[in-house]
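> Next comes the structure file upload_3.txt, holding compact mmCIF, C-alpha atoms and all ligand atoms.
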```
# COMPACT_ATOMS: atom_id res chain seq x y z
CA MET A 1 112.87 59.34 101.06
CA GLU A 2 114.60 62.10 102.99
CA ARG A 3 112.96 65.05 104.75
CA SER A 4 114.20 68.62 105.05
CA PHE A 5 112.93 71.79 106.72
CA LEU A 6 112.31 74.78 104.44
CA MET A 7 111.14 78.21 105.52
CA VAL A 8 110.19 81.40 103.72
CA LYS A 9 111.57 84.13 106.00
CA PRO A 10 109.70 87.35 106.90
CA ASP A 11 111.14 89.30 103.94
CA GLY A 12 110.01 86.54 101.55
CA VAL A 13 106.50 86.57 102.99
CA ALA A 14 106.31 90.39 102.99
CA ARG A 15 107.54 90.51 99.38
CA GLY A 16 104.92 88.03 98.20
CA LEU A 17 107.40 85.27 97.37
CA VAL A 18 105.65 82.40 99.18
CA GLY A 19 103.98 81.13 96.02
CA GLU A 20 107.22 81.43 94.05
CA VAL A 21 109.10 79.30 96.59
CA ILE A 22 106.33 76.69 96.85
CA SER A 23 106.05 76.58 93.09
CA ARG A 24 109.75 75.85 92.66
CA VAL A 25 109.59 73.08 95.24
CA GLU A 26 106.60 71.48 93.54
CA ARG A 27 107.99 71.78 90.02
CA ARG A 28 111.23 70.13 91.09
CA GLY A 29 109.20 67.08 92.06
CA LEU A 30 109.65 67.44 95.80
CA LYS A 31 106.67 66.77 98.04
CA ILE A 32 105.42 69.17 100.72
CA VAL A 33 104.24 67.06 103.66
CA ALA A 34 103.65 69.83 106.24
CA MET A 35 103.22 73.59 106.03
CA LYS A 36 102.17 76.49 108.24
CA MET A 37 102.40 80.25 108.61
CA LEU A 38 103.52 81.44 112.01
CA ARG A 39 105.19 84.29 113.81
CA ILE A 40 108.41 82.96 115.40
CA ASP A 41 108.90 84.09 118.99
CA ARG A 42 112.28 84.95 120.46
CA GLU A 43 112.67 81.60 122.24
CA LEU A 44 112.05 79.54 119.10
CA ALA A 45 114.32 81.85 117.08
CA GLU A 46 117.17 81.41 119.55
CA ARG A 47 116.75 77.63 119.54
CA HIS A 48 116.51 77.42 115.75
CA TYR A 49 119.64 79.54 115.29
CA GLY A 50 121.44 78.30 118.44
CA GLU A 51 124.61 77.42 116.50
CA HIS A 52 125.06 81.14 115.70
CA ARG A 53 124.65 82.37 119.30
CA ASP A 54 128.18 83.81 119.48
CA LYS A 55 128.28 85.36 116.01
CA PRO A 56 128.28 89.15 115.66
CA PHE A 57 125.15 89.01 113.48
CA PHE A 58 123.12 86.93 115.99
CA GLN A 59 120.97 89.73 117.49
CA GLY A 60 120.23 91.11 114.03
CA LEU A 61 119.34 87.63 112.83
CA ILE A 62 116.91 87.10 115.74
CA SER A 63 115.27 90.50 115.10
CA TYR A 64 114.96 89.66 111.39
CA ILE A 65 113.46 86.21 111.82
CA THR A 66 110.94 87.40 114.45
CA SER A 67 109.98 90.58 112.54
CA GLY A 68 106.98 89.12 110.70
CA PRO A 69 105.29 85.87 109.75
CA VAL A 70 107.20 83.02 108.13
CA VAL A 71 106.00 80.00 106.18
CA ALA A 72 107.53 76.77 107.46
CA MET A 73 107.48 73.52 105.51
CA VAL A 74 108.58 69.92 105.69
CA VAL A 75 109.70 68.77 102.25
CA GLU A 76 110.25 65.16 101.27
CA GLY A 77 112.14 63.66 98.36
CA LYS A 78 115.29 62.00 97.13
CA GLU A 79 118.23 63.69 98.90
CA ALA A 80 115.88 66.53 99.90
CA VAL A 81 118.50 68.24 102.12
CA LYS A 82 121.10 68.52 99.38
CA VAL A 83 118.59 69.37 96.66
CA LEU A 84 116.98 72.21 98.68
CA ARG A 85 120.35 73.67 99.67
CA ALA A 86 121.26 73.79 95.98
CA MET A 87 117.88 75.37 95.13
CA ILE A 88 118.20 78.16 97.73
CA GLY A 89 121.78 79.05 96.77
CA ALA A 90 124.67 80.51 98.77
CA THR A 91 124.00 82.17 102.15
CA ASN A 92 125.21 85.52 100.79
CA PRO A 93 122.93 86.31 97.84
CA MET A 94 125.79 88.25 96.20
CA GLU A 95 127.46 84.87 95.73
CA ALA A 96 124.30 82.90 94.93
CA GLN A 97 124.00 81.66 91.36
CA PRO A 98 121.19 82.97 89.15
CA GLY A 99 118.52 80.27 89.05
CA THR A 100 118.67 79.78 92.79
CA ILE A 101 116.05 81.41 95.04
CA ARG A 102 118.57 83.70 96.72
CA GLY A 103 120.35 84.33 93.41
CA ASP A 104 117.08 85.40 91.78
CA PHE A 105 115.36 87.30 94.61
CA ALA A 106 117.90 88.64 97.12
CA LEU A 107 120.89 90.95 97.46
CA ASP A 108 121.69 91.12 101.19
CA VAL A 109 122.89 88.30 103.47
CA GLY A 110 120.66 89.71 106.22
CA ARG A 111 117.56 89.49 103.99
CA ASN A 112 118.06 86.26 102.10
CA VAL A 113 114.40 85.16 101.76
CA VAL A 114 114.66 81.47 102.68
CA HIS A 115 116.10 78.93 105.09
CA ALA A 116 116.80 75.25 104.40
CA SER A 117 118.41 72.66 106.67
CA ASP A 118 122.12 72.09 106.03
CA SER A 119 122.29 68.38 107.03
CA GLN A 120 120.02 65.48 107.86
CA GLU A 121 120.70 66.03 111.58
CA SER A 122 119.72 69.73 111.32
CA ALA A 123 116.64 68.74 109.34
CA GLU A 124 115.44 66.38 112.07
CA ARG A 125 116.14 68.95 114.77
CA GLU A 126 114.47 71.82 112.92
CA ILE A 127 111.42 69.78 111.88
CA SER A 128 110.83 68.80 115.50
CA LEU A 129 111.19 72.45 116.62
CA PHE A 130 108.44 73.59 114.25
CA PHE A 131 106.14 70.60 113.80
CA ASP A 132 104.47 67.87 115.82
CA GLU A 133 104.76 64.49 114.14
CA SER A 134 100.91 64.57 113.89
CA GLU A 135 101.13 67.67 111.64
CA ILE A 136 103.17 65.81 109.02
CA VAL A 137 100.89 64.14 106.50
CA SER A 138 101.21 61.10 104.33
CA TYR A 139 99.72 61.05 100.82
CA SER A 140 100.60 59.80 97.38
CA SER A 141 101.91 62.22 94.77
CA ALA A 142 102.62 62.07 91.04
CA GLY A 143 106.26 61.86 92.04
CA GLU A 144 105.77 58.28 92.97
CA THR A 145 104.95 57.49 89.34
CA TRP A 146 106.69 60.09 87.19
CA VAL A 147 109.49 61.86 89.04
CA TYR A 148 111.45 58.77 90.05
CA GLU A 149 112.49 55.94 87.77
CA GLU A 150 111.71 53.45 90.50
P1 LIG B 1 122.30 79.48 105.82
O1 LIG B 1 120.98 80.19 106.06
O2 LIG B 1 122.69 79.52 104.36
O3 LIG B 1 122.33 78.09 106.40
P2 LIG B 1 124.01 80.29 108.05
O4 LIG B 1 125.48 80.48 107.98
O5 LIG B 1 123.48 79.10 108.79
O6 LIG B 1 123.44 80.33 106.55
O7 LIG B 1 123.40 81.61 108.68
C1 LIG B 1 122.06 81.67 109.08
C2 LIG B 1 121.45 82.97 108.64
O8 LIG B 1 122.09 84.03 109.35
C3 LIG B 1 121.65 83.32 107.17
O9 LIG B 1 120.70 82.74 106.31
C4 LIG B 1 121.50 84.83 107.21
O10 LIG B 1 120.11 85.21 107.28
C5 LIG B 1 122.16 85.18 108.52
N1 LIG B 1 123.57 85.53 108.35
C6 LIG B 1 124.61 84.70 108.13
N2 LIG B 1 125.76 85.38 108.03
C7 LIG B 1 125.44 86.68 108.18
C8 LIG B 1 126.20 87.88 108.18
O11 LIG B 1 127.43 87.90 107.99
N3 LIG B 1 125.50 89.05 108.37
C9 LIG B 1 124.16 89.07 108.59
N4 LIG B 1 123.40 87.96 108.59
C10 LIG B 1 124.03 86.77 108.39
MG MG B 2 122.39 77.43 108.35
```
Turn this file's structure into structure tokens for me.
Ligand code: IDP
Ligand code: MG

Amino acid sequence: MERSFLMVKPDGVARGLVGEVISRVERRGLKIVAMKMLRIDRELAERHYGEHRDKPFFQGLISYITSGPVVAMVVEGKEAVKVLRAMIGATNPMEAQPGTIRGDFALDVGRNVVHASDSQESAEREISLFFDESEIVSYSSAGETWVYEE
């Protein structure tokens, strides 16, 4: 099973969309194995979004992501990285398909509600930025019996 990092951003938390996001993850059959609410500080924000350091939107992005609490999760399942990227939709919500989180709940690229890792390498890096290995739990879920054929 693969792990990905998923986060409800400050706009998603402020708009009361945490339950909606969690609900979609659960209904898909994915398993949440770690979760916490936190306020991201500037240092963590700059590390998390380090790849965008030289982009014109970087300062705005750091202000946005540190502007209020977020809900961070580790999500496990078959091809979790690819599945979550498909579920959140395109970066710019104007291009995100209806049925995706961004396509259903957002309109502005600078307020796009959720983050999900874009590769297995990013997932590992982002999970370790936000969680200690001891915070990631192991438990059995219905998925083991009914979501997967084997
Ligand atoms: P992603 O979140 O879909 O992986 P990235 O290209 O990695 O998209 O960008 C990270 C975040 O930076 C986006 O989710 C969005 O919040 C913000 N962002 C990306 N491009 C722009 C832009 O052109 N203007 C403002 N914010 C942007
Ligand atoms: Mg990205």
> Can you pull out the residues contacting A:Gly99? Cut-off 10 Å, using all atoms listed in the file, and skip same-chain residues under 5 positions away; I want them as JSON, numbers by chain.
{"A": [86, 87, 88, 89, 104, 105]}
> Once you count only C-alpha atoms and all ligand atoms, which residues end up within 8 Å of ligand MG 2 (chain B), and could you hand them over as an MDAnalysis selection string?
chainID A and resid 49 91 115:118
> So that I have them on file, write out the residues from the current selection with C-alpha atoms, as a compact mmCIF listing (two decimals), keeping the file's coordinate frame.

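Result file part-v5.txt:
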```txt
# COMPACT_ATOMS: atom_id res chain seq x y z
CA TYR A 49 119.64 79.54 115.29
CA THR A 91 124.00 82.17 102.15
CA HIS A 115 116.10 78.93 105.09
CA ALA A 116 116.80 75.25 104.40
CA SER A 117 118.41 72.66 106.67
CA ASP A 118 122.12 72.09 106.03
```
> Which value, in Å to one decimal, gives the distance between atom CA of A:Ala34 and atom CA of A:Leu84?
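It comes out at 15.5 Å.
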> Taking all atoms of stretch 77-83 of chain A that the file lists, what box with edges along x, y and z, padded by 4 Å per side, do you get, with centre and edge lengths in Å to one decimal, as lines of an AutoDock Vina configuration file?

```
center_x = 116.6
center_y = 65.7
center_z = 99.4
size_x = 17.0
size_y = 15.4
size_z = 13.5
```
> Between A:Val75, A:Val70, A:Leu107, A:Val8, single out the one closest to A:Glu20, counting only C-alpha atoms.
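Going through A:Val75, A:Val70, A:Leu107, A:Val8 one by one, the smallest distance to A:Glu20 is for A:Val8.
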> Counting only C-alpha atoms, note down every residue that has an atom within 6 Å of the point (107.2, 82.9, 108.6) (file coordinates), as a ChimeraX atom specification.
/A:8-10,37-39,69-71
> Can you work out which one of A:Arg125, A:Arg85, A:Arg3, A:Arg42 has the shortest atom-to-atom distance to A:Ile62, counting all atoms listed in the file?
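Among the listed residues, A:Arg42 lies closest to A:Ile62.
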> Using all atoms listed in the file, collect all residues at a distance of at most 12 Å from (116.7, 66.1, 111.3) as written in the file, then present them as a PyMOL selection string.
chain A and resi 2-6+74-76+80-81+116-131
> Please, what distance in Å, to one decimal, runs between atom CA of A:Glu135 and atom CA of A:Lys36?
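Computing the Euclidean distance for atom CA of A:Glu135 and atom CA of A:Lys36 yields 9.5 Å.
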> In Å to one decimal, how far is atom CA of A:Val25 from atom CA of A:Glu149?
18.9 Å
> Looking at A:Thr100, A:Asn92, A:Gly12, A:Gly110, which one is nearest to A:Gln59, with distances taken over only C-alpha atoms?
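Result for the nearest residue to A:Gln59: A:Gly110.
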> Quick one: of A:Leu30, A:Pro98, A:Glu144, A:Arg15, who's nearest to A:Gly68, counting all atoms listed in the file?
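Smallest separation from A:Gly68 among the options: A:Arg15.
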> I need the residue nearest ligand LIG 1 (chain B) from this list: A:Met7, A:Ala72, A:Leu17, A:Val33. Use all atoms listed in the file for the distance.
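Of A:Met7, A:Ala72, A:Leu17, A:Val33, the one nearest ligand LIG 1 (chain B) is A:Met7, counting all atoms listed in the file.
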> When distances are computed from only C-alpha atoms, which of A:Lys82, A:Met94, A:Ala45, A:Gly77 shows the smallest separation from A:Arg28?
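Closest to A:Arg28 of all the choices is A:Gly77.
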> Pick out the residues sitting within 10 Å of A:Leu61, and hand them over as a ChimeraX atom specification; count all atoms listed in the file, and ignore anything fewer than 4 positions along from it in its own chain.
/A:45-46,49,52-53,55-57,65-67,110-111
> Taking C-alpha atoms for each residue, export the selection above as an mmCIF file, keeping the file's coordinate frame.

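Printed below is result-v5.cif as written:
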```cif
data_model
loop_
_atom_site.group_PDB
_atom_site.id
_atom_site.type_symbol
_atom_site.label_atom_id
_atom_site.label_comp_id
_atom_site.auth_asym_id
_atom_site.auth_seq_id
_atom_site.Cartn_x
_atom_site.Cartn_y
_atom_site.Cartn_z
ATOM 1 C CA ALA A 45 114.320 81.850 117.080
ATOM 2 C CA GLU A 46 117.170 81.410 119.550
ATOM 3 C CA TYR A 49 119.640 79.540 115.290
ATOM 4 C CA HIS A 52 125.060 81.140 115.700
ATOM 5 C CA ARG A 53 124.650 82.370 119.300
ATOM 6 C CA LYS A 55 128.280 85.360 116.010
ATOM 7 C CA PRO A 56 128.280 89.150 115.660
ATOM 8 C CA PHE A 57 125.150 89.010 113.480
ATOM 9 C CA ILE A 65 113.460 86.210 111.820
ATOM 10 C CA THR A 66 110.940 87.400 114.450
ATOM 11 C CA SER A 67 109.980 90.580 112.540
ATOM 12 C CA GLY A 110 120.660 89.710 106.220
ATOM 13 C CA ARG A 111 117.560 89.490 103.990
#
```
